[in-house]
Amino acid sequence: MLEHDVLIVGAGLAGMRAAVAAHERGANVAVISKVHPVRSHSNAAQGGINAALTDRGDDWTDHAFDTVKGSDYLADQDAIEVMCSEAGDDIISLEHMGVIFNRDEKGHLGTRAFGGQQKARTFFVADFTGQAILHVLYEQLMESKVKVYEEWFVLSLIIEDGECCGVTAIEMATGRVYVIRAKTVIMCTGGVGRLFEPSTNGLIVTGDGMALAYRAGAPLMDMEMIQYHPTTLKGSGVLITEGARGEGAYLLNKSGDRFMEKYAPNMMELASRDVVSRAGQTEINEGRGIDGCVLLDCRHLGEKLIKERLTEILSIGRDFAGIDIIKEPIPIRPGMHYIMGGIKSDIDGKTSIPGLYATGECACVSVHGGNRLGANSLLDTVVFGRRAGHHAAEVSKQMEYKKFDVTSQIKKAEMDLQKLLDRDNVGERWANVRTDLGVEIDKHFGVFRTESGMQSLKESLTGFKARYDNCSVQDKGRIFNTDLIFTLELGYMLDCAEAITLSGIERKESRGAHSRIDYPQRDDDNWLKHVLVTKTAEGPLLTHLPVTITSWEPQERKY
Amino acid sequence: MQVNISIKRHNPSAPDNNTYWEDFDLSMHDTASVLDALIKIREDVDGSLSVRCSCRSAICGSCAMRVNGHAKLACNTKLSDVIDADGRVTVEPAGVMPVIKDLVVDQTLFWDKVKQISPWLQPDGPEPEGEYIAPNSAMMDLAGVMNCIMCGACVSDCTVLEIDKDFIGPAALAKAYRFVNDPRDDQTKSRLIELNEKTGIWDCTRCFECVEVCPKGVAPMERIMSLRESAMEQGLDQTVGARHADAFTDSVAHSGWLNELLLPLKTFGMFNLGAMMGLAPIGLRALLRGKMPSIFHRSVPNVHRIRRIVKKIEENE
């Protein structure tokens, strides 16, 4: 019997940080991931990680305020206080683990400016910060000899008497189904970017954890808050780091004007992401773009700086757009990038289901509210990953493994898979349905939204679900059957789509990333609250929770 | 753009004849990558094609495979750069590692080698309260190795690993460079002692394949050469490889060119009878074909100028 005190689903930054933390506390830890840990999408975080270090004249309360304001006052301020006050220690412990980080002239950690913040407090490794941290956390995992179930795909959470006590999963290399028993399970599965077409997210980002928790009865919160990144590459939609603007790059429209002057005269290109994305999209919509794009201009930064600090986008420009960013501006447009919402969890990662935790992008603590600040996502993963790992390890010391019928769990999972494989090859392909769904959701749930658009999306979801139920899996084998896995992922994405659409229709105001043309103003009287969706036997149930306000009363948001 | 993509497939579930080539004719966008073509096949043509991929922007390292016989990331390889005049290109799984299915290989060997070099920072003494102080230049040098995405392209095409699976290999040795040269790490000497053993830094034949195929510019071979220098600087000069390097330098410094007769004697040791016996057939064949170097090794004309160069280099070091 496979069993662990703490079982972590997902091996990105949140997952591995949680694993290292739980291992430190003496728990029997395992990580289960559908890809090898270093393939996780945390890799794609380019620009950096925020922290206010007091020894360089910064103050965590300033960072907290910038985060609160960035969130358009939807984030819970007690959670933000935890994240920002603990940030410094977490950056230092990453450095001690071996993250290299760029330095200043004196050999201390160096910083760069990032959007929506009054101070340069973003620590970075050139423009591959996520990868640099991810690989170091994997080094720690190798040292700790924590068990990793590599390329195992989770099929369901096992809930007994209302408590989470393990998972069923398929080992991709063999196609065999297993039950892994666990005292605590931490979901660290990341976002749901592939629901959108296009998206900056990798193909593995399919909302698995959110859907698994949703199916198990945990509420999803703030799911309407989808971040569009202001600068994604024309065509492929590959991410161009905010670090470029942090280093001083301009945004230009077709006349060569720095259009941010109109939208955010003080912060210009470094306003919050929702603000910059709306500005870019407005320029494009009103005919001041070029071929559906605006331009990101790095030319004046000079070759030396670009080659030292923006190496990754230098090669992205060359490899994916055929341009030399030292000599030419980059055609970019806002693109789907991140989801602020997720599994409702608290500052220790606990969800509404005992034994089930969630951290990182799949969770909603909430520290990002209506709009996440650039470089706060990595911080979120390491602070709350660590906290969840510690908490789950301590709690599991007091617990016994719960008894449940393992054989019937395996049998049921096997039967479900076999049914899927046995479908005749006459049905539609998962890829068709996914692409159509992605285009549809991008059309109605983009930078700007309307009631009629979201209602039509809601109606079309019924059709998409029916099409999904008729999908056939062409690969009938069991060994490394990705056709089967992708079909299951589409099922997860459809659950997320339901929660996103319903939450979007529910929130009748414009706040953060949720910009409604029919309700253009923020409405604190009615909507200073979270929207939650819970799956019930009678269908999805919408509820609300108040926003926790500690020090910062809502005020008008200007950049 | 019309392409004919020929894929080496492997279906482990089929009873026999389970490795075969299959051709697909596709119509692709002019800027499409090899990965775009593979995704199109698995989505629209044949769902049973297995390939690992995620980020599509050369950062996750999932999609290393052989394109026209050489390891590449499928995602940042443009079809237009690799198709021949008839629009043809071949794709097969990465080498050295066993195939699981189609383009998916078992990377256990790859990771075992990484684990072999104790790939985590090992400072001595208590941690400082704040960060370690380190020069930016040292960190940026390490960044050139830290941006290795562990895709395995170098391991796939390493000509040593192809015949000797015990070699630690380019990716793991590049990773070792990162720790040996990290100013925060205090195990430099013990790491070098281990790397100096058989299967380590001296087993690289300097064929340049890893430098050629690395999609991130990590240049593993150059890191290995640097590790060799570090090992010799640490006084670890009694390996065959180190003595070979020394014998080379000595000979050129003395006579201006290589004394091929003395080289094996100095490398293996004059009294290493076993090695000398092993070399005897080669010597004999060289003799028969008139290629035996003369036992009188003359200096090149103007050798003093070469000695001056050598002296200059030594002074600069």
# chains A, B, ... in the order shown; residues from 1 in each chain; ligands from 1

call {"tool": "select_by_dssp", "arguments": {"residues": "range 33-160 of chain B", "states": "helix (DSSP H, G or I)", "output": "ChimeraX atom specification"}}
result
/B:34-45,79-82,108-116,136-146,153-157,159-160

call {"tool": "select_by_dssp", "arguments": {"residues": "range 169-381 of chain A", "states": "strand (DSSP E or B)", "output": "JSON, numbers by chain"}}
result
{"A": [169, 170, 171, 176, 177, 178, 179, 180, 181, 182, 183, 184, 185, 186, 187, 199, 220, 221, 226, 227, 228, 229, 230, 231, 232, 233, 239, 250, 251, 252, 290, 293, 294, 295, 296, 297, 330, 331, 332, 333, 334, 335, 336, 337, 338, 339, 342, 343, 344, 350, 356, 357, 358, 363, 364]}

call {"tool": "interface_residues", "arguments": {"of": "chain A", "to": "chain B", "cutoff": "6 Å", "atoms": "only C-alpha atoms", "output": "list in words"}}
result
Arg39, Ile92, Gly98, Ile100, Arg103, Gly107, His108, Glu139, Gly202, Leu203, Ile204, Ala431, Gln474, Asp475 and Asp483 of chain A

call {"tool": "atom_distance", "arguments": {"atom1": "CA of Tyr357 in chain A", "atom2": "CA of Ser345 in chain A"}}
result
7.1 Å

call {"tool": "residues_around", "arguments": {"residues": "Cys158 in chain B", "least_positions_apart": "5", "cutoff": "10 Å", "atoms": "only C-alpha atoms", "output": "PyMOL selection string"}}
result
chain B and resi 71+95-96+152-153+163-164+167+169-171+204-211+213

call {"tool": "write_last_selection", "arguments": {"atoms": "N, CA and C atoms", "output": "PDB file, in the first residue's frame"}}
result
ATOM      1  N   ALA B  71      20.031  16.070 -31.982  1.00  0.00           N
ATOM      2  CA  ALA B  71      19.118  16.448 -30.905  1.00  0.00           C
ATOM      3  C   ALA B  71      18.782  17.932 -30.983  1.00  0.00           C
ATOM      4  N   GLY B  95      18.525  10.050 -28.307  1.00  0.00           N
ATOM      5  CA  GLY B  95      19.352   8.858 -28.244  1.00  0.00           C
ATOM      6  C   GLY B  95      19.776   8.519 -26.824  1.00  0.00           C
ATOM      7  N   VAL B  96      20.589   7.482 -26.702  1.00  0.00           N
ATOM      8  CA  VAL B  96      21.196   7.031 -25.436  1.00  0.00           C
ATOM      9  C   VAL B  96      20.168   6.468 -24.448  1.00  0.00           C
ATOM     10  N   GLY B 152      18.159  17.195 -21.918  1.00  0.00           N
ATOM     11  CA  GLY B 152      18.800  15.933 -22.303  1.00  0.00           C
ATOM     12  C   GLY B 152      19.306  15.885 -23.737  1.00  0.00           C
ATOM     13  N   ALA B 153      19.266  17.004 -24.451  1.00  0.00           N
ATOM     14  CA  ALA B 153      19.759  17.001 -25.838  1.00  0.00           C
ATOM     15  C   ALA B 153      21.231  16.593 -25.873  1.00  0.00           C
ATOM     16  N   ILE B 163      28.696   4.887 -26.287  1.00  0.00           N
ATOM     17  CA  ILE B 163      29.364   3.596 -26.120  1.00  0.00           C
ATOM     18  C   ILE B 163      29.681   3.263 -24.665  1.00  0.00           C
ATOM     19  N   ASP B 164      29.664   4.280 -23.789  1.00  0.00           N
ATOM     20  CA  ASP B 164      30.003   4.026 -22.384  1.00  0.00           C
ATOM     21  C   ASP B 164      28.976   4.697 -21.472  1.00  0.00           C
ATOM     22  N   PHE B 167      29.877   6.991 -18.221  1.00  0.00           N
ATOM     23  CA  PHE B 167      30.336   8.386 -18.249  1.00  0.00           C
ATOM     24  C   PHE B 167      29.280   9.277 -17.589  1.00  0.00           C
ATOM     25  N   GLY B 169      28.689  12.301 -18.098  1.00  0.00           N
ATOM     26  CA  GLY B 169      27.994  12.947 -19.199  1.00  0.00           C
ATOM     27  C   GLY B 169      27.922  14.456 -19.102  1.00  0.00           C
ATOM     28  N   PRO B 170      27.585  15.107 -20.232  1.00  0.00           N
ATOM     29  CA  PRO B 170      27.679  16.561 -20.329  1.00  0.00           C
ATOM     30  C   PRO B 170      26.733  17.333 -19.402  1.00  0.00           C
ATOM     31  N   ALA B 171      25.477  16.917 -19.289  1.00  0.00           N
ATOM     32  CA  ALA B 171      24.526  17.715 -18.504  1.00  0.00           C
ATOM     33  C   ALA B 171      24.910  17.716 -17.030  1.00  0.00           C
ATOM     34  N   CYS B 204      35.578  12.820 -21.318  1.00  0.00           N
ATOM     35  CA  CYS B 204      35.044  13.575 -22.457  1.00  0.00           C
ATOM     36  C   CYS B 204      36.079  13.565 -23.580  1.00  0.00           C
ATOM     37  N   THR B 205      35.639  13.312 -24.815  1.00  0.00           N
ATOM     38  CA  THR B 205      36.585  13.264 -25.938  1.00  0.00           C
ATOM     39  C   THR B 205      36.630  14.579 -26.709  1.00  0.00           C
ATOM     40  N   ARG B 206      35.985  15.581 -26.199  1.00  0.00           N
ATOM     41  CA  ARG B 206      35.951  16.904 -26.825  1.00  0.00           C
ATOM     42  C   ARG B 206      35.460  16.863 -28.272  1.00  0.00           C
ATOM     43  N   CYS B 207      34.351  16.162 -28.497  1.00  0.00           N
ATOM     44  CA  CYS B 207      33.846  16.053 -29.867  1.00  0.00           C
ATOM     45  C   CYS B 207      32.961  17.232 -30.241  1.00  0.00           C
ATOM     46  N   PHE B 208      32.598  18.061 -29.264  1.00  0.00           N
ATOM     47  CA  PHE B 208      31.801  19.276 -29.512  1.00  0.00           C
ATOM     48  C   PHE B 208      30.310  19.037 -29.757  1.00  0.00           C
ATOM     49  N   GLU B 209      29.869  17.775 -29.773  1.00  0.00           N
ATOM     50  CA  GLU B 209      28.440  17.534 -30.056  1.00  0.00           C
ATOM     51  C   GLU B 209      27.538  18.251 -29.059  1.00  0.00           C
ATOM     52  N   CYS B 210      27.900  18.182 -27.768  1.00  0.00           N
ATOM     53  CA  CYS B 210      27.017  18.772 -26.754  1.00  0.00           C
ATOM     54  C   CYS B 210      26.922  20.285 -26.917  1.00  0.00           C
ATOM     55  N   VAL B 211      28.040  20.896 -27.328  1.00  0.00           N
ATOM     56  CA  VAL B 211      28.026  22.338 -27.543  1.00  0.00           C
ATOM     57  C   VAL B 211      27.110  22.672 -28.723  1.00  0.00           C
ATOM     58  N   VAL B 213      24.527  20.892 -29.924  1.00  0.00           N
ATOM     59  CA  VAL B 213      23.096  20.594 -29.814  1.00  0.00           C
ATOM     60  C   VAL B 213      22.424  21.317 -28.648  1.00  0.00           C
TER      61      VAL B 213
END

call {"tool": "atom_distance", "arguments": {"atom1": "CA of Ile295 in chain B", "atom2": "CA of Ile282 in chain B"}}
result
16.0 Å

call {"tool": "residues_around", "arguments": {"residues": "Gly283 in chain B", "least_positions_apart": "5", "cutoff": "9 Å", "atoms": "only C-alpha atoms", "output": "list in words"}}
result
Leu288, Lys291 and Met292 of chain B

call {"tool": "write_last_selection", "arguments": {"atoms": "N, CA and C atoms", "output": "PDB file, in the first residue's frame"}}
result
ATOM      1  N   LEU B 288      55.157  -0.710 -39.177  1.00  0.00           N
ATOM      2  CA  LEU B 288      54.981  -1.390 -40.456  1.00  0.00           C
ATOM      3  C   LEU B 288      54.536  -0.436 -41.552  1.00  0.00           C
ATOM      4  N   LYS B 291      54.922   4.909 -40.065  1.00  0.00           N
ATOM      5  CA  LYS B 291      54.416   6.105 -39.385  1.00  0.00           C
ATOM      6  C   LYS B 291      54.984   6.234 -37.972  1.00  0.00           C
ATOM      7  N   MET B 292      55.956   5.419 -37.670  1.00  0.00           N
ATOM      8  CA  MET B 292      56.559   5.482 -36.343  1.00  0.00           C
ATOM      9  C   MET B 292      57.330   6.795 -36.216  1.00  0.00           C
TER      10      MET B 292
END

call {"tool": "residues_around", "arguments": {"residues": "range 379-385 of chain A", "least_positions_apart": "5", "cutoff": "6 Å", "atoms": "only C-alpha atoms", "output": "MDAnalysis selection string"}}
result
chainID A and resid 13:14 17:18 49 359:360

call {"tool": "closest_residue", "arguments": {"among": "A:Cys293, A:Ala169, A:Met187, A:Met223", "to": "Ser366 in chain A", "atoms": "only C-alpha atoms"}}
result
A:Met223

call {"tool": "residues_around", "arguments": {"residues": "range 511-528 of chain A", "least_positions_apart": "5", "cutoff": "10 Å", "atoms": "only C-alpha atoms", "output": "MDAnalysis selection string"}}
result
chainID A and resid 69:75 224:228 272:275 277:278 339:340 368:372 445:452 504:506 544:548 554:557

call {"tool": "residues_around", "arguments": {"residues": "Leu227 in chain B", "least_positions_apart": "2", "cutoff": "8 Å", "atoms": "only C-alpha atoms", "output": "short mmCIF file (atom, residue, chain, number, x, y, z; two decimals) with C-alpha atoms, in the first residue's frame"}}
result
data_model
loop_
_atom_site.label_atom_id
_atom_site.label_comp_id
_atom_site.auth_asym_id
_atom_site.auth_seq_id
_atom_site.Cartn_x
_atom_site.Cartn_y
_atom_site.Cartn_z
CA TYR B 177 30.54 23.19 -12.78
CA VAL B 180 32.41 23.89 -8.12
CA LEU B 192 36.70 17.81 -7.89
CA ILE B 201 35.75 14.91 -16.45
CA ARG B 223 32.39 23.58 -18.61
CA ILE B 224 34.07 20.18 -18.51
CA MET B 225 37.34 21.70 -19.78
CA GLU B 229 41.68 23.08 -15.19
CA SER B 230 40.19 23.52 -11.73
CA ALA B 231 41.10 19.95 -10.82
#

call {"tool": "closest_residue", "arguments": {"among": "A:Pro37, A:Pro329, A:Pro354, A:Gly217", "to": "Ala537 in chain A", "atoms": "only C-alpha atoms"}}
result
A:Gly217

call {"tool": "atom_distance", "arguments": {"atom1": "CA of Arg507 in chain A", "atom2": "CA of His530 in chain A"}}
result
9.0 Å

call {"tool": "closest_residue", "arguments": {"among": "A:Arg299, A:Ser85, A:Ala321, A:Gly248", "to": "Asp30 in chain B", "atoms": "only C-alpha atoms"}}
result
A:Ala321

call {"tool": "closest_residue", "arguments": {"among": "B:Trp257, B:Leu73, B:Ala176, B:Val240", "to": "Ala275 in chain B", "atoms": "only C-alpha atoms"}}
result
B:Val240
